[in-house]
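*Asks:* Please read through the structure below; I'll follow up with questions.
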Amino acid sequence: MQGDTLQQHARNRVEELPGAGLEFPFGPDWEVFKVRGKVFMLMTHITGEPIVIVKVDPEDGKALREQHKDITPGYHMNKKHWISLNPGGKLETSLVDELVTESYLLVVENLPRAKRPVDPAVFGKRSRL
């Protein structure tokens, strides 16, 4: 997926997430996506190419970095809990959707129940009825 396409696809997914919003606390070069004031995704071109940075479970992050050359430790973030999605490779749009959603849910599940815009245990799960 190409850089601008990668970032636009991630932006489109965020628009579908309840309570998610965009801020620029670090200036115009950093798009920071938050839910209830907590960061779950960042985007920048500061590295010379457009990247997307998302939060991950540490074990999942390790496995993803081993499986995909376009997934690297989170740029300018905690390398254990964040990964960077880099353009130019073969990242599937479904994987980008899943990673953005999982990052959002990791943050939501750590919010007090009263502040959660969704129930992380059931959000995105399809009914089997």
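For the structure tokens, the naming scheme is as follows: chains receive sequential letters (A, B, ...) according to their order of presentation, residues are indexed from 1 within each chain, and ligands are indexed from 1 in presentation order.
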Can you pull out every residue from chain A that DSSP, working from the backbone, puts in strand (DSSP E or B), and format the result as number ranges by chain?
*Replies:* A: 20-23, 30-35, 38-44, 51-55, 71-73, 82-85
*Asks:* Given the selection you just returned, output its residues as a file containing C-alpha atoms, formatted as a PDB file, in the first residue's frame.
*Replies:*
ATOM      1  CA  ALA A  20     -12.339   9.053  18.167  1.00  0.00           C
ATOM      2  CA  GLY A  21     -10.973  12.456  17.239  1.00  0.00           C
ATOM      3  CA  LEU A  22      -8.035  14.174  15.599  1.00  0.00           C
ATOM      4  CA  GLU A  23      -5.735  16.670  17.334  1.00  0.00           C
ATOM      5  CA  TRP A  30       1.838  15.054  13.563  1.00  0.00           C
ATOM      6  CA  GLU A  31      -1.779  13.904  13.295  1.00  0.00           C
ATOM      7  CA  VAL A  32      -2.712  12.478  16.700  1.00  0.00           C
ATOM      8  CA  PHE A  33      -5.858  10.385  17.027  1.00  0.00           C
ATOM      9  CA  LYS A  34      -7.370  10.051  20.479  1.00  0.00           C
ATOM     10  CA  VAL A  35     -10.329   8.480  22.206  1.00  0.00           C
ATOM     11  CA  LYS A  38      -5.894   9.012  25.118  1.00  0.00           C
ATOM     12  CA  VAL A  39      -3.704   8.482  22.030  1.00  0.00           C
ATOM     13  CA  PHE A  40      -4.271   5.355  19.947  1.00  0.00           C
ATOM     14  CA  MET A  41      -2.801   6.340  16.550  1.00  0.00           C
ATOM     15  CA  LEU A  42      -0.363   8.862  15.108  1.00  0.00           C
ATOM     16  CA  MET A  43       0.536   9.770  11.536  1.00  0.00           C
ATOM     17  CA  THR A  44       3.422  11.793  10.191  1.00  0.00           C
ATOM     18  CA  ILE A  51       3.771   6.390   8.261  1.00  0.00           C
ATOM     19  CA  VAL A  52       1.018   5.254  10.612  1.00  0.00           C
ATOM     20  CA  ILE A  53       1.868   4.428  14.243  1.00  0.00           C
ATOM     21  CA  VAL A  54      -0.509   2.279  16.308  1.00  0.00           C
ATOM     22  CA  LYS A  55      -0.576   0.724  19.761  1.00  0.00           C
ATOM     23  CA  ILE A  71       5.853  -3.202  10.147  1.00  0.00           C
ATOM     24  CA  THR A  72       8.631  -1.843  12.334  1.00  0.00           C
ATOM     25  CA  PRO A  73       8.953  -0.675  15.963  1.00  0.00           C
ATOM     26  CA  TRP A  82       3.791   0.637  19.435  1.00  0.00           C
ATOM     27  CA  ILE A  83       4.459  -0.283  15.796  1.00  0.00           C
ATOM     28  CA  SER A  84       4.889   1.742  12.612  1.00  0.00           C
ATOM     29  CA  LEU A  85       3.110   0.793   9.405  1.00  0.00           C
TER      30      LEU A  85
END
*Asks:* Taking only C-alpha atoms into account, name the residue in A:Ala121, A:His68, A:Asp29, A:Arg11 that is nearest to A:Asn86.
*Replies:* A:His68
*Asks:* Can you list every residue in chain A that DSSP puts in alpha helix (DSSP H), as an MDAnalysis selection string?
*Replies:* chainID A and resid 3:15 58:67 93:108
*Asks:* Could you turn the residues from that selection into a file that holds C-alpha atoms, as a JSON list (two decimals), in the first residue's frame?
*Replies:*
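So the final result, stored in again-v8.json, reads:
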[["chain", "number", "residue", "atom", "x", "y", "z"],
["A", 3, "GLY", "CA", 1.96, 5.99, 1.81],
["A", 4, "ASP", "CA", -0.83, 8.46, 1.18],
["A", 5, "THR", "CA", -3.21, 5.56, 0.54],
["A", 6, "LEU", "CA", -2.09, 3.91, 3.78],
["A", 7, "GLN", "CA", -2.67, 7.06, 5.79],
["A", 8, "GLN", "CA", -6.01, 7.83, 4.12],
["A", 9, "HIS", "CA", -7.22, 4.29, 4.71],
["A", 10, "ALA", "CA", -6.27, 4.54, 8.40],
["A", 11, "ARG", "CA", -8.06, 7.93, 8.63],
["A", 12, "ASN", "CA", -11.17, 6.41, 7.05],
["A", 13, "ARG", "CA", -11.19, 3.61, 9.62],
["A", 14, "VAL", "CA", -10.86, 6.10, 12.50],
["A", 15, "GLU", "CA", -13.96, 7.92, 11.23],
["A", 58, "PRO", "CA", 3.63, -6.52, 22.95],
["A", 59, "GLU", "CA", 3.43, -10.17, 21.83],
["A", 60, "ASP", "CA", 1.30, -9.28, 18.81],
["A", 61, "GLY", "CA", 3.71, -6.50, 17.90],
["A", 62, "LYS", "CA", 6.66, -8.86, 17.98],
["A", 63, "ALA", "CA", 4.87, -11.38, 15.75],
["A", 64, "LEU", "CA", 3.75, -8.68, 13.31],
["A", 65, "ARG", "CA", 7.28, -7.30, 12.98],
["A", 66, "GLU", "CA", 8.57, -10.79, 12.24],
["A", 67, "GLN", "CA", 5.87, -11.49, 9.63],
["A", 93, "THR", "CA", -6.21, -3.03, 3.81],
["A", 94, "SER", "CA", -7.94, -5.53, 6.09],
["A", 95, "LEU", "CA", -4.79, -5.75, 8.25],
["A", 96, "VAL", "CA", -4.60, -1.95, 8.48],
["A", 97, "ASP", "CA", -8.27, -1.86, 9.53],
["A", 98, "GLU", "CA", -7.66, -4.54, 12.14],
["A", 99, "LEU", "CA", -4.56, -2.84, 13.56],
["A", 100, "VAL", "CA", -6.25, 0.57, 13.83],
["A", 101, "THR", "CA", -9.28, -1.01, 15.50],
["A", 102, "GLU", "CA", -7.18, -3.08, 17.91],
["A", 103, "SER", "CA", -5.15, -0.01, 18.87],
["A", 104, "TYR", "CA", -8.38, 1.86, 19.61],
["A", 105, "LEU", "CA", -9.74, -1.03, 21.67],
["A", 106, "LEU", "CA", -6.50, -1.37, 23.68],
["A", 107, "VAL", "CA", -6.97, 2.23, 24.79],
["A", 108, "VAL", "CA", -10.72, 1.95, 25.34]]
